[in-house]
>>> print(open('coords.pdb').read())   # PDB, C-alpha atoms and all ligand atoms
ATOM      1  CA  MET A 127       0.000   0.000   0.000
ATOM      2  CA  THR A 128       1.245   3.503  -0.747
ATOM      3  CA  ASP A 129       1.564   5.903   2.184
ATOM      4  CA  SER A 130      -0.142   9.030   0.941
ATOM      5  CA  THR A 131       1.864  11.081   3.452
ATOM      6  CA  ALA A 132       5.251   9.718   2.399
ATOM      7  CA  GLY A 133       7.847  12.196   1.143
ATOM      8  CA  GLY A 134      10.121  11.939  -1.887
ATOM      9  CA  ALA A 135      11.874  14.313  -4.239
ATOM     10  CA  ASP A 136       9.862  17.543  -4.418
ATOM     11  CA  ALA A 137       6.708  15.806  -3.184
ATOM     12  CA  PHE A 138       5.715  19.029  -1.399
ATOM     13  CA  GLY A 139       6.948  21.555  -3.952
ATOM     14  CA  ASP A 140       3.395  22.907  -4.289
ATOM     15  CA  LEU A 141       3.626  24.294  -0.737
ATOM     16  CA  GLY A 142       6.555  26.552  -1.685
ATOM     17  CA  LYS A 143       9.963  26.715  -0.042
ATOM     18  CA  ILE A 144      10.229  24.653   3.141
ATOM     19  CA  LEU A 145      12.647  25.419   5.983
ATOM     20  CA  VAL A 146      13.132  23.008   8.882
ATOM     21  CA  ILE A 147      14.471  24.893  11.908
ATOM     22  CA  ILE A 148      16.359  22.809  14.456
ATOM     23  CA  PRO A 149      17.330  24.633  17.676
ATOM     24  CA  THR A 150      20.396  23.193  19.355
ATOM     25  CA  TYR A 151      22.167  23.434  22.651
ATOM     26  CA  ASN A 152      24.768  20.702  23.185
ATOM     27  CA  GLU A 153      23.436  18.308  20.579
ATOM     28  CA  ILE A 154      26.692  17.207  18.964
ATOM     29  CA  LEU A 155      25.725  13.544  19.385
ATOM     30  CA  ASN A 156      22.415  14.048  17.572
ATOM     31  CA  VAL A 157      22.714  16.843  15.060
ATOM     32  CA  GLY A 158      24.332  14.943  12.174
ATOM     33  CA  ARG A 159      21.807  12.131  12.418
ATOM     34  CA  ILE A 160      18.773  14.388  12.462
ATOM     35  CA  ILE A 161      20.023  16.365   9.452
ATOM     36  CA  ALA A 162      20.545  13.142   7.479
ATOM     37  CA  ARG A 163      17.060  11.907   8.398
ATOM     38  CA  VAL A 164      15.404  15.166   7.312
ATOM     39  CA  ARG A 165      17.314  14.971   4.022
ATOM     40  CA  THR A 166      15.934  11.483   3.335
ATOM     41  CA  ALA A 167      12.386  12.158   4.536
ATOM     42  CA  VAL A 168      11.792  15.444   2.687
ATOM     43  CA  PRO A 169      14.687  16.020   0.284
ATOM     44  CA  GLU A 170      13.433  19.394  -0.939
ATOM     45  CA  ALA A 171      13.414  20.926   2.564
ATOM     46  CA  HIS A 172      16.214  23.269   3.544
ATOM     47  CA  ILE A 173      17.560  23.116   7.092
ATOM     48  CA  LEU A 174      18.547  25.863   9.516
ATOM     49  CA  VAL A 175      20.253  24.894  12.759
ATOM     50  CA  ALA A 176      19.831  27.677  15.356
ATOM     51  CA  ASP A 177      22.690  27.045  17.755
ATOM     52  CA  ASP A 178      23.187  28.958  21.009
ATOM     53  CA  ASN A 179      26.988  28.735  20.993
ATOM     54  CA  SER A 180      26.883  25.191  22.364
ATOM     55  CA  PRO A 181      29.977  24.467  24.477
ATOM     56  CA  ASP A 182      30.164  20.937  23.007
ATOM     57  CA  GLY A 183      30.906  22.303  19.514
ATOM     58  CA  THR A 184      27.526  21.563  17.876
ATOM     59  CA  GLY A 185      27.738  24.786  15.824
ATOM     60  CA  ALA A 186      31.198  23.946  14.460
ATOM     61  CA  GLU A 187      30.061  20.431  13.591
ATOM     62  CA  VAL A 188      27.134  21.807  11.577
ATOM     63  CA  ASP A 189      29.474  24.308   9.872
ATOM     64  CA  ARG A 190      31.530  21.318   8.768
ATOM     65  CA  LEU A 191      28.446  19.540   7.388
ATOM     66  CA  ALA A 192      27.166  22.747   5.757
ATOM     67  CA  ALA A 193      30.400  23.104   3.787
ATOM     68  CA  GLN A 194      29.212  20.073   1.743
ATOM     69  CA  ASP A 195      25.512  20.991   1.659
ATOM     70  CA  PRO A 196      24.260  24.301   0.215
ATOM     71  CA  ASN A 197      20.779  23.689   1.685
ATOM     72  CA  LEU A 198      22.036  23.504   5.261
ATOM     73  CA  GLN A 199      22.739  26.714   7.193
ATOM     74  CA  VAL A 200      23.745  27.539  10.753
ATOM     75  CA  LEU A 201      22.513  30.518  12.717
ATOM     76  CA  HIS A 202      25.217  31.113  15.288
ATOM     77  CA  ARG A 203      23.736  32.823  18.327
ATOM     78  CA  ARG A 204      25.792  34.367  21.061
ATOM     79  CA  GLY A 205      24.699  32.202  23.982
ATOM     80  CA  LYS A 206      21.907  30.220  25.603
ATOM     81  CA  GLU A 207      18.776  32.357  25.410
ATOM     82  CA  GLY A 208      16.109  29.662  25.383
ATOM     83  CA  LEU A 209      14.187  27.620  22.865
ATOM     84  CA  GLY A 210      11.695  30.408  22.112
ATOM     85  CA  ALA A 211      14.325  33.009  21.285
ATOM     86  CA  ALA A 212      16.173  30.540  19.026
ATOM     87  CA  TYR A 213      12.992  29.720  17.099
ATOM     88  CA  LEU A 214      11.993  33.370  16.733
ATOM     89  CA  ALA A 215      15.420  34.182  15.292
ATOM     90  CA  GLY A 216      15.081  31.185  12.957
ATOM     91  CA  PHE A 217      11.588  32.197  11.800
ATOM     92  CA  ARG A 218      12.763  35.732  11.067
ATOM     93  CA  TRP A 219      15.809  34.407   9.204
ATOM     94  CA  GLY A 220      13.608  32.139   7.092
ATOM     95  CA  ILE A 221      10.875  34.682   6.338
ATOM     96  CA  ASP A 222      13.479  37.262   5.304
ATOM     97  CA  ARG A 223      14.862  34.705   2.832
ATOM     98  CA  GLY A 224      11.547  33.868   1.214
ATOM     99  CA  TYR A 225      10.587  30.575   2.860
ATOM    100  CA  ASP A 226       6.865  29.769   2.767
ATOM    101  CA  ILE A 227       6.703  26.923   5.295
ATOM    102  CA  LEU A 228       8.634  26.967   8.571
ATOM    103  CA  VAL A 229       8.948  23.791  10.606
ATOM    104  CA  GLU A 230       9.932  23.364  14.259
ATOM    105  CA  MET A 231      11.820  20.158  15.040
ATOM    106  CA  ASP A 232      13.904  19.030  18.035
ATOM    107  CA  ALA A 233      17.455  17.864  17.311
ATOM    108  CA  ASP A 234      17.349  14.741  19.431
ATOM    109  CA  GLY A 235      15.123  12.489  17.306
ATOM    110  CA  SER A 236      12.040  12.900  19.535
ATOM    111  CA  HIS A 237      10.334  14.378  16.505
ATOM    112  CA  GLN A 238      10.753  11.833  13.756
ATOM    113  CA  PRO A 239      11.592  13.453  10.412
ATOM    114  CA  GLU A 240       9.848  10.498   8.736
ATOM    115  CA  GLN A 241       6.566  11.921  10.098
ATOM    116  CA  LEU A 242       7.140  15.393   8.662
ATOM    117  CA  PRO A 243       5.175  14.485   5.496
ATOM    118  CA  ARG A 244       2.104  14.069   7.735
ATOM    119  CA  LEU A 245       2.392  17.661   8.923
ATOM    120  CA  LEU A 246       2.996  18.968   5.412
ATOM    121  CA  THR A 247       0.006  16.999   4.136
ATOM    122  CA  ALA A 248      -2.166  18.716   6.765
ATOM    123  CA  LEU A 249      -0.990  22.106   5.480
ATOM    124  CA  ARG A 250      -1.806  21.019   1.966
ATOM    125  CA  GLY A 251      -5.272  20.102   3.229
ATOM    126  CA  GLY A 252      -5.839  23.683   4.359
ATOM    127  CA  ALA A 253      -4.325  23.918   7.859
ATOM    128  CA  ASP A 254      -2.570  27.175   8.721
ATOM    129  CA  LEU A 255      -0.658  25.422  11.496
ATOM    130  CA  ALA A 256      -0.084  21.660  11.635
ATOM    131  CA  LEU A 257       0.733  20.587  15.149
ATOM    132  CA  GLY A 258       2.300  17.194  15.862
ATOM    133  CA  SER A 259       0.243  15.774  18.704
ATOM    134  CA  ARG A 260       0.997  13.064  21.226
ATOM    135  CA  TRP A 261      -2.367  13.308  22.918
ATOM    136  CA  VAL A 262      -4.872  12.782  20.084
ATOM    137  CA  ALA A 263      -6.003   9.361  18.844
ATOM    138  CA  GLY A 264      -3.092   7.717  17.053
ATOM    139  CA  GLY A 265      -0.486   9.836  18.859
ATOM    140  CA  GLU A 266       1.850   8.324  21.446
ATOM    141  CA  VAL A 267       5.068   8.675  23.410
ATOM    142  CA  VAL A 268       7.775   6.022  23.477
ATOM    143  CA  ASN A 269      10.218   5.575  26.378
ATOM    144  CA  TRP A 270       9.264   8.848  28.051
ATOM    145  CA  PRO A 271       9.593   8.729  31.837
ATOM    146  CA  LYS A 272       6.173   8.805  33.518
ATOM    147  CA  SER A 273       7.226  12.003  35.307
ATOM    148  CA  ARG A 274       7.773  13.809  31.973
ATOM    149  CA  GLU A 275       4.498  12.513  30.590
ATOM    150  CA  PHE A 276       2.729  13.753  33.694
ATOM    151  CA  ILE A 277       4.286  17.231  33.387
ATOM    152  CA  SER A 278       3.518  17.431  29.682
ATOM    153  CA  ARG A 279      -0.084  16.225  29.934
ATOM    154  CA  GLY A 280      -0.579  18.403  33.000
ATOM    155  CA  GLY A 281       0.845  21.441  31.208
ATOM    156  CA  SER A 282      -1.480  20.949  28.247
ATOM    157  CA  MET A 283      -4.488  20.432  30.539
ATOM    158  CA  TYR A 284      -3.669  23.501  32.632
ATOM    159  CA  SER A 285      -3.257  25.614  29.489
ATOM    160  CA  ARG A 286      -6.578  24.402  28.104
ATOM    161  CA  LEU A 287      -8.261  25.182  31.395
ATOM    162  CA  MET A 288      -6.714  28.626  31.859
ATOM    163  CA  LEU A 289      -6.834  29.791  28.245
ATOM    164  CA  GLY A 290      -9.664  27.786  26.737
ATOM    165  CA  VAL A 291      -7.368  26.817  23.901
ATOM    166  CA  PRO A 292      -8.924  23.835  22.084
ATOM    167  CA  ILE A 293      -5.697  21.910  21.500
ATOM    168  CA  ARG A 294      -4.815  18.645  23.229
ATOM    169  CA  ASP A 295      -1.020  18.881  22.852
ATOM    170  CA  VAL A 296      -0.479  22.596  23.267
ATOM    171  CA  THR A 297       3.094  22.233  24.603
ATOM    172  CA  GLY A 298       4.256  20.008  21.735
ATOM    173  CA  GLY A 299       7.155  21.300  19.686
ATOM    174  CA  TYR A 300       6.814  19.503  16.339
ATOM    175  CA  ARG A 301       4.995  21.972  14.110
ATOM    176  CA  ALA A 302       4.687  23.258  10.561
ATOM    177  CA  PHE A 303       3.598  26.874  10.050
ATOM    178  CA  ARG A 304       2.689  28.770   6.958
ATOM    179  CA  LYS A 305       4.641  32.019   6.857
ATOM    180  CA  GLN A 306       1.363  33.971   6.946
ATOM    181  CA  THR A 307       0.431  32.218  10.184
ATOM    182  CA  LEU A 308       3.625  33.320  11.934
ATOM    183  CA  LEU A 309       3.157  36.882  10.731
ATOM    184  CA  GLY A 310      -0.550  36.880  11.546
ATOM    185  CA  LEU A 311      -0.068  35.650  15.100
ATOM    186  CA  GLY A 312       2.318  38.532  15.760
ATOM    187  CA  MET A 313       5.498  36.588  16.418
ATOM    188  CA  SER A 314       7.531  39.749  16.978
ATOM    189  CA  GLN A 315       5.566  40.373  20.212
ATOM    190  CA  VAL A 316       6.304  36.941  21.687
ATOM    191  CA  ALA A 317       8.481  37.174  24.802
ATOM    192  CA  SER A 318       8.309  33.575  26.087
ATOM    193  CA  GLN A 319      11.715  31.946  26.222
ATOM    194  CA  GLY A 320      11.324  28.344  27.350
ATOM    195  CA  TYR A 321       8.843  25.650  26.396
ATOM    196  CA  CYS A 322       5.802  27.862  27.176
ATOM    197  CA  PHE A 323       6.744  29.541  23.908
ATOM    198  CA  GLN A 324       4.861  26.646  22.315
ATOM    199  CA  VAL A 325       1.693  27.469  24.286
ATOM    200  CA  ASP A 326       2.085  31.151  23.449
ATOM    201  CA  LEU A 327       2.299  30.538  19.687
ATOM    202  CA  ALA A 328      -0.553  28.028  19.564
ATOM    203  CA  TRP A 329      -2.874  30.252  21.579
ATOM    204  CA  ARG A 330      -2.016  33.252  19.431
ATOM    205  CA  ALA A 331      -2.752  31.225  16.281
ATOM    206  CA  VAL A 332      -6.172  30.273  17.688
ATOM    207  CA  ARG A 333      -6.950  33.885  18.720
ATOM    208  CA  ALA A 334      -5.953  35.128  15.288
ATOM    209  CA  GLY A 335      -8.534  32.750  13.775
ATOM    210  CA  PHE A 336      -6.127  30.381  12.050
ATOM    211  CA  SER A 337      -6.973  26.758  11.436
ATOM    212  CA  VAL A 338      -4.851  24.625  13.770
ATOM    213  CA  VAL A 339      -4.876  20.915  12.954
ATOM    214  CA  GLU A 340      -3.470  18.325  15.346
ATOM    215  CA  VAL A 341      -1.703  15.494  13.540
ATOM    216  CA  PRO A 342      -0.922  12.319  15.521
ATOM    217  CA  ILE A 343       2.798  11.690  16.004
ATOM    218  CA  THR A 344       4.965   9.224  17.858
ATOM    219  CA  PHE A 345       7.289  11.161  20.186
ATOM    220  CA  VAL A 346      10.368   9.095  20.962
ATOM    221  CA  GLU A 347      12.478   9.917  24.024
ATOM    222  CA  ARG A 348      16.033  10.891  23.114
ATOM    223  CA  GLU A 349      18.697   8.177  23.338
ATOM    224  CA  LEU A 350      21.696  10.528  23.368
ATOM    225  CA  GLY A 351      22.427  13.777  25.186
ATOM    226  CA  ALA A 352      20.243  15.374  27.846
ATOM    227  CA  SER A 353      16.960  17.294  27.956
ATOM    228  CA  LYS A 354      17.248  21.005  28.729
ATOM    229  CA  MET A 355      14.060  21.013  30.786
ATOM    230  CA  SER A 356      14.687  22.836  34.064
ATOM    231  CA  ARG A 357      12.863  24.295  37.050
ATOM    232  CA  ASP A 358      13.232  27.765  35.533
ATOM    233  CA  ILE A 359      11.514  26.609  32.344
ATOM    234  CA  LEU A 360       8.654  25.098  34.349
ATOM    235  CA  ALA A 361       8.374  28.199  36.535
ATOM    236  CA  GLU A 362       8.252  30.486  33.506
ATOM    237  CA  ALA A 363       5.472  28.355  31.988
ATOM    238  CA  LEU A 364       3.420  28.334  35.176
ATOM    239  CA  PHE A 365       3.892  32.056  35.730
ATOM    240  CA  ARG A 366       3.088  33.091  32.169
ATOM    241  CA  VAL A 367       0.132  30.762  31.548
ATOM    242  CA  THR A 368      -1.454  31.764  34.870
ATOM    243  CA  GLY A 369      -0.969  35.454  34.069
ATOM    244  CA  TRP A 370      -2.419  35.067  30.570
ATOM    245  CA  GLY A 371      -5.370  33.130  32.015
ATOM    246  CA  ILE A 372      -6.178  35.888  34.517
ATOM    247  CA  ASP A 373      -5.830  38.644  31.915
ATOM    248  CA  ASN A 374      -7.987  36.633  29.544
ATOM    249  CA  ARG A 375     -10.771  36.273  32.094
ATOM    250  CA  LEU A 376     -10.616  39.985  32.773
ATOM    251  CA  GLY A 377     -11.072  40.604  29.046
ATOM    252  CA  ARG A 378      -7.637  42.156  28.695
ATOM    253  CA  ILE A 379      -6.441  39.917  25.873
ATOM    254  CA  GLY A 380      -7.707  40.326  22.339
ATOM    255  CA  PRO A 381      -6.615  39.014  18.955
ATOM    256  CA  PRO A 382      -2.897  39.412  18.310
ATOM    257  CA  VAL A 383      -1.618  42.275  16.184
ATOM    258  CA  ALA A 384      -0.177  40.911  12.938
ATOM    259  CA  ASP A 385       3.418  41.594  11.934
ATOM    260  CA  ARG A 386       4.377  43.123   8.649
ATOM    261  CA  GLU A 387       6.381  41.099   6.211
ATOM    262  CA  THR A 388       8.965  43.966   5.854
TER
HETATM  263  N1  LIG A 401      19.223  27.103  20.561
HETATM  264  C1  LIG A 401      18.686  26.565  21.670
HETATM  265  N2  LIG A 401      18.147  25.330  21.621
HETATM  266  C2  LIG A 401      17.612  24.828  22.751
HETATM  267  C3  LIG A 401      17.583  25.513  23.976
HETATM  268  N3  LIG A 401      16.952  24.741  24.901
HETATM  269  C4  LIG A 401      16.618  23.591  24.261
HETATM  270  N4  LIG A 401      17.028  23.645  22.966
HETATM  271  C5  LIG A 401      16.865  22.638  21.905
HETATM  272  O1  LIG A 401      15.475  22.430  21.762
HETATM  273  C6  LIG A 401      15.192  21.086  21.462
HETATM  274  C7  LIG A 401      14.238  20.525  22.546
HETATM  275  O2  LIG A 401      14.894  20.555  23.797
HETATM  276  P1  LIG A 401      14.860  19.297  24.790
HETATM  277  O3  LIG A 401      15.517  19.712  26.027
HETATM  278  O4  LIG A 401      15.303  18.066  24.096
HETATM  279  O5  LIG A 401      13.299  19.191  25.004
HETATM  280  P2  LIG A 401      12.475  18.057  25.706
HETATM  281  O6  LIG A 401      12.803  18.042  27.137
HETATM  282  O7  LIG A 401      12.568  16.765  24.939
HETATM  283  O8  LIG A 401      11.062  18.725  25.495
HETATM  284  C8  LIG A 401      10.185  18.459  24.419
HETATM  285  O9  LIG A 401       8.961  18.481  25.014
HETATM  286  C9  LIG A 401       8.527  19.758  25.471
HETATM  287  C10 LIG A 401       7.267  19.578  26.233
HETATM  288  O10 LIG A 401       6.300  18.944  25.502
HETATM  289  C11 LIG A 401       8.316  20.661  24.289
HETATM  290  O11 LIG A 401       7.797  21.913  24.688
HETATM  291  C12 LIG A 401       9.638  20.828  23.658
HETATM  292  O12 LIG A 401       9.490  21.613  22.481
HETATM  293  C13 LIG A 401      10.200  19.455  23.304
HETATM  294  O13 LIG A 401       9.465  18.940  22.200
HETATM  295  C14 LIG A 401      16.558  20.365  21.396
HETATM  296  O14 LIG A 401      16.967  20.325  20.059
HETATM  297  C15 LIG A 401      17.457  21.273  22.238
HETATM  298  O15 LIG A 401      18.819  21.209  21.897
HETATM  299  C16 LIG A 401      18.162  26.828  24.009
HETATM  300  O16 LIG A 401      18.199  27.509  25.027
HETATM  301  N5  LIG A 401      18.689  27.284  22.837
END
>>> encode(input="coords.pdb", output="structure tokens")
Amino acid sequence: MTDSTAGGADAFGDLGKILVIIPTYNEILNVGRIIARVRTAVPEAHILVADDNSPDGTGAEVDRLAAQDPNLQVLHRRGKEGLGAAYLAGFRWGIDRGYDILVEMDADGSHQPEQLPRLLTALRGGADLALGSRWVAGGEVVNWPKSREFISRGGSMYSRLMLGVPIRDVTGGYRAFRKQTLLGLGMSQVASQGYCFQVDLAWRAVRAGFSVVEVPITFVERELGASKMSRDILAEALFRVTGWGIDNRLGRIGPPVADRET
């Protein structure tokens, strides 16, 4: 049987130029493998690694790989400023260079590049934002510690409760955006740095009236390297989501103000 979501040379050319953004902090053990897997899964996609000056030399390793691959670029950032800041810099870089589709993908293999065609197929079907989801039917996590699953499910539930956002996996970080979605949700006003950046963007997309489609994915716990999840990241998420929830109930939050393309 043919998988209608399978990739292949230029299978998604009709969507325009695709950029996969991979944020990295100390991912030298993973970065080469993930780049190779993206190449095979969706050959026409270009890749941008947004590296926060990783002490383990991830940025230099990608420079070495990029010397052989014109469709691989590195955004060297000055230091660790959080996942959100790295993605925002990557989105801006991509939009300024004419990319139409911008994809978020972790470096550690949790987000399987082989499932990227599913997200792109959802965009082709009319979604403005295709969100890889662990918590819809058909989605799953593999080898994730129960404690992480609890935090992740709890974070999504709390966000739904506080914000009324109708998304089951609102903290998930495997996503494909149309450029117009990022501009329309006002990405330049996003200040979240850690993983609550994902909640911020999804909620903004909903408030801006975009169609957000959850696509089931299998999230596989990393085998190499370490998660960057920390107490500070959790505290930021709790603080921000609670604040947004209160402001929302008081009617202080309206639709986001769209960015200009420049
Ligand atoms: N440039 C940069 N990259 C970062 C930073 N912090 C993390 N990253 C990169 O962001 C990706 C995800 O970080 P992990 O630390 O591996 O995340 P996780 O614990 O597996 O968390 C996953 O689940 C979260 C909760 O659902 C998600 O919010 C998150 O996006 C991710 O999918 C990895 O490629 C990692 O190197 C940072 O400060 N700067």
>>> residues_near_point(input="coords.pdb", point="(-10.0, 28.1, 28.2)", cutoff="12 Å", atoms="all atoms listed in the file", output="PDB file with C-alpha atoms, keeping the file's coordinate frame")
ATOM      1  CA  SER A 282      -1.480  20.949  28.247  1.00  0.00           C
ATOM      2  CA  MET A 283      -4.488  20.432  30.539  1.00  0.00           C
ATOM      3  CA  TYR A 284      -3.669  23.501  32.632  1.00  0.00           C
ATOM      4  CA  SER A 285      -3.257  25.614  29.489  1.00  0.00           C
ATOM      5  CA  ARG A 286      -6.578  24.402  28.104  1.00  0.00           C
ATOM      6  CA  LEU A 287      -8.261  25.182  31.395  1.00  0.00           C
ATOM      7  CA  MET A 288      -6.714  28.626  31.859  1.00  0.00           C
ATOM      8  CA  LEU A 289      -6.834  29.791  28.245  1.00  0.00           C
ATOM      9  CA  GLY A 290      -9.664  27.786  26.737  1.00  0.00           C
ATOM     10  CA  VAL A 291      -7.368  26.817  23.901  1.00  0.00           C
ATOM     11  CA  PRO A 292      -8.924  23.835  22.084  1.00  0.00           C
ATOM     12  CA  ILE A 293      -5.697  21.910  21.500  1.00  0.00           C
ATOM     13  CA  ARG A 294      -4.815  18.645  23.229  1.00  0.00           C
ATOM     14  CA  TRP A 329      -2.874  30.252  21.579  1.00  0.00           C
ATOM     15  CA  VAL A 332      -6.172  30.273  17.688  1.00  0.00           C
ATOM     16  CA  ARG A 333      -6.950  33.885  18.720  1.00  0.00           C
ATOM     17  CA  VAL A 367       0.132  30.762  31.548  1.00  0.00           C
ATOM     18  CA  THR A 368      -1.454  31.764  34.870  1.00  0.00           C
ATOM     19  CA  TRP A 370      -2.419  35.067  30.570  1.00  0.00           C
ATOM     20  CA  GLY A 371      -5.370  33.130  32.015  1.00  0.00           C
ATOM     21  CA  ILE A 372      -6.178  35.888  34.517  1.00  0.00           C
ATOM     22  CA  ASP A 373      -5.830  38.644  31.915  1.00  0.00           C
ATOM     23  CA  ASN A 374      -7.987  36.633  29.544  1.00  0.00           C
ATOM     24  CA  ARG A 375     -10.771  36.273  32.094  1.00  0.00           C
TER      25      ARG A 375
END
>>> residues_near_point(input="coords.pdb", point="(15.8, 13.8, 25.3)", cutoff="12 Å", atoms="only C-alpha atoms", output="list in words")
Tyr151, Asn152, Glu153, Leu155, Asn156, Asp232, Ala233, Asp234, Gly235, Ser236, His237, Val268, Asn269, Trp270, Pro271, Arg274, Phe345, Val346, Glu347, Arg348, Glu349, Leu350, Gly351, Ala352, Ser353, Lys354 and Met355 of chain A
>>> closest_residue(input="coords.pdb", among="A:Pro196, A:Gly298, A:Gly335, A:Gly380", to="ligand LIG 401 (chain A)", atoms="all atoms listed in the file")
A:Gly298
>>> residues_around(input="coords.pdb", residues="A:Val157", least_positions_apart="6", cutoff="9 Å", atoms="all atoms listed in the file", output="PyMOL selection string")
chain A and resi 148+150+175+184+187-188+233-234
>>> write_last_selection(input="coords.pdb", atoms="C-alpha atoms", output="compact mmCIF listing (two decimals), in the frame of the given file")
# COMPACT_ATOMS: atom_id res chain seq x y z
CA ILE A 148 16.36 22.81 14.46
CA THR A 150 20.40 23.19 19.36
CA VAL A 175 20.25 24.89 12.76
CA THR A 184 27.53 21.56 17.88
CA GLU A 187 30.06 20.43 13.59
CA VAL A 188 27.13 21.81 11.58
CA ALA A 233 17.45 17.86 17.31
CA ASP A 234 17.35 14.74 19.43
>>> closest_residue(input="coords.pdb", among="A:Cys322, A:Ile221, A:Ala253, A:Met313", to="ligand LIG 401 (chain A)", atoms="all atoms listed in the file")
A:Cys322
>>> residues_around(input="coords.pdb", residues="A:Arg163", least_positions_apart="4", cutoff="7 Å", atoms="all atoms listed in the file", output="list in words")
Arg159, Ala167 and Pro239 of chain A
>>> resolve_selection(input="coords.pdb", expression="the PyMOL selection byres (((chain A and resi 385) around 8) and not hetatm)", output="list in words")
Leu309, Gly310, Leu311, Gly312, Met313, Ser314, Val383, Ala384, Arg386 and Glu387 of chain A
>>> write_last_selection(input="coords.pdb", atoms="C-alpha atoms", output="PDB file, in the coordinates of the input")
ATOM      1  CA  LEU A 309       3.157  36.882  10.731  1.00  0.00           C
ATOM      2  CA  GLY A 310      -0.550  36.880  11.546  1.00  0.00           C
ATOM      3  CA  LEU A 311      -0.068  35.650  15.100  1.00  0.00           C
ATOM      4  CA  GLY A 312       2.318  38.532  15.760  1.00  0.00           C
ATOM      5  CA  MET A 313       5.498  36.588  16.418  1.00  0.00           C
ATOM      6  CA  SER A 314       7.531  39.749  16.978  1.00  0.00           C
ATOM      7  CA  VAL A 383      -1.618  42.275  16.184  1.00  0.00           C
ATOM      8  CA  ALA A 384      -0.177  40.911  12.938  1.00  0.00           C
ATOM      9  CA  ARG A 386       4.377  43.123   8.649  1.00  0.00           C
ATOM     10  CA  GLU A 387       6.381  41.099   6.211  1.00  0.00           C
TER      11      GLU A 387
END
>>> resolve_selection(input="coords.pdb", expression="the PyMOL selection byres (((chain A and resi 336) around 12) and not hetatm)", output="PDB file with C-alpha atoms, in the coordinates of the input")
ATOM      1  CA  LEU A 249      -0.990  22.106   5.480  1.00  0.00           C
ATOM      2  CA  GLY A 252      -5.839  23.683   4.359  1.00  0.00           C
ATOM      3  CA  ALA A 253      -4.325  23.918   7.859  1.00  0.00           C
ATOM      4  CA  ASP A 254      -2.570  27.175   8.721  1.00  0.00           C
ATOM      5  CA  LEU A 255      -0.658  25.422  11.496  1.00  0.00           C
ATOM      6  CA  ALA A 256      -0.084  21.660  11.635  1.00  0.00           C
ATOM      7  CA  PHE A 303       3.598  26.874  10.050  1.00  0.00           C
ATOM      8  CA  ARG A 304       2.689  28.770   6.958  1.00  0.00           C
ATOM      9  CA  GLN A 306       1.363  33.971   6.946  1.00  0.00           C
ATOM     10  CA  THR A 307       0.431  32.218  10.184  1.00  0.00           C
ATOM     11  CA  LEU A 308       3.625  33.320  11.934  1.00  0.00           C
ATOM     12  CA  LEU A 309       3.157  36.882  10.731  1.00  0.00           C
ATOM     13  CA  GLY A 310      -0.550  36.880  11.546  1.00  0.00           C
ATOM     14  CA  LEU A 311      -0.068  35.650  15.100  1.00  0.00           C
ATOM     15  CA  LEU A 327       2.299  30.538  19.687  1.00  0.00           C
ATOM     16  CA  ALA A 328      -0.553  28.028  19.564  1.00  0.00           C
ATOM     17  CA  TRP A 329      -2.874  30.252  21.579  1.00  0.00           C
ATOM     18  CA  ARG A 330      -2.016  33.252  19.431  1.00  0.00           C
ATOM     19  CA  ALA A 331      -2.752  31.225  16.281  1.00  0.00           C
ATOM     20  CA  VAL A 332      -6.172  30.273  17.688  1.00  0.00           C
ATOM     21  CA  ARG A 333      -6.950  33.885  18.720  1.00  0.00           C
ATOM     22  CA  ALA A 334      -5.953  35.128  15.288  1.00  0.00           C
ATOM     23  CA  GLY A 335      -8.534  32.750  13.775  1.00  0.00           C
ATOM     24  CA  SER A 337      -6.973  26.758  11.436  1.00  0.00           C
ATOM     25  CA  VAL A 338      -4.851  24.625  13.770  1.00  0.00           C
ATOM     26  CA  VAL A 339      -4.876  20.915  12.954  1.00  0.00           C
ATOM     27  CA  PRO A 381      -6.615  39.014  18.955  1.00  0.00           C
ATOM     28  CA  PRO A 382      -2.897  39.412  18.310  1.00  0.00           C
TER      29      PRO A 382
END
>>> resolve_selection(input="coords.pdb", expression="the PyMOL selection byres (((chain A and resi 359) around 12) and not hetatm)", output="ChimeraX atom specification")
/A:207-210,277,281,318-323,353-358,360-366
>>> write_last_selection(input="coords.pdb", atoms="C-alpha atoms", output="CSV table (one decimal), in the frame of the given file")
chain,number,residue,atom,x,y,z
A,207,GLU,CA,18.8,32.4,25.4
A,208,GLY,CA,16.1,29.7,25.4
A,209,LEU,CA,14.2,27.6,22.9
A,210,GLY,CA,11.7,30.4,22.1
A,277,ILE,CA,4.3,17.2,33.4
A,281,GLY,CA,0.8,21.4,31.2
A,318,SER,CA,8.3,33.6,26.1
A,319,GLN,CA,11.7,31.9,26.2
A,320,GLY,CA,11.3,28.3,27.4
A,321,TYR,CA,8.8,25.6,26.4
A,322,CYS,CA,5.8,27.9,27.2
A,323,PHE,CA,6.7,29.5,23.9
A,353,SER,CA,17.0,17.3,28.0
A,354,LYS,CA,17.2,21.0,28.7
A,355,MET,CA,14.1,21.0,30.8
A,356,SER,CA,14.7,22.8,34.1
A,357,ARG,CA,12.9,24.3,37.0
A,358,ASP,CA,13.2,27.8,35.5
A,360,LEU,CA,8.7,25.1,34.3
A,361,ALA,CA,8.4,28.2,36.5
A,362,GLU,CA,8.3,30.5,33.5
A,363,ALA,CA,5.5,28.4,32.0
A,364,LEU,CA,3.4,28.3,35.2
A,365,PHE,CA,3.9,32.1,35.7
A,366,ARG,CA,3.1,33.1,32.2
>>> axis_aligned_box(input="coords.pdb", around="ligand LIG 401 (chain A)", padding_each_side="4 Å", output="JSON")
{"center_x": 12.8, "center_y": 22.1, "center_z": 23.6, "size_x": 20.9, "size_y": 18.7, "size_z": 15.1}
>>> closest_residue(input="coords.pdb", among="A:Ala212, A:Val168, A:Ile154, A:Ala162", to="A:Asp182", atoms="only C-alpha atoms")
A:Ile154
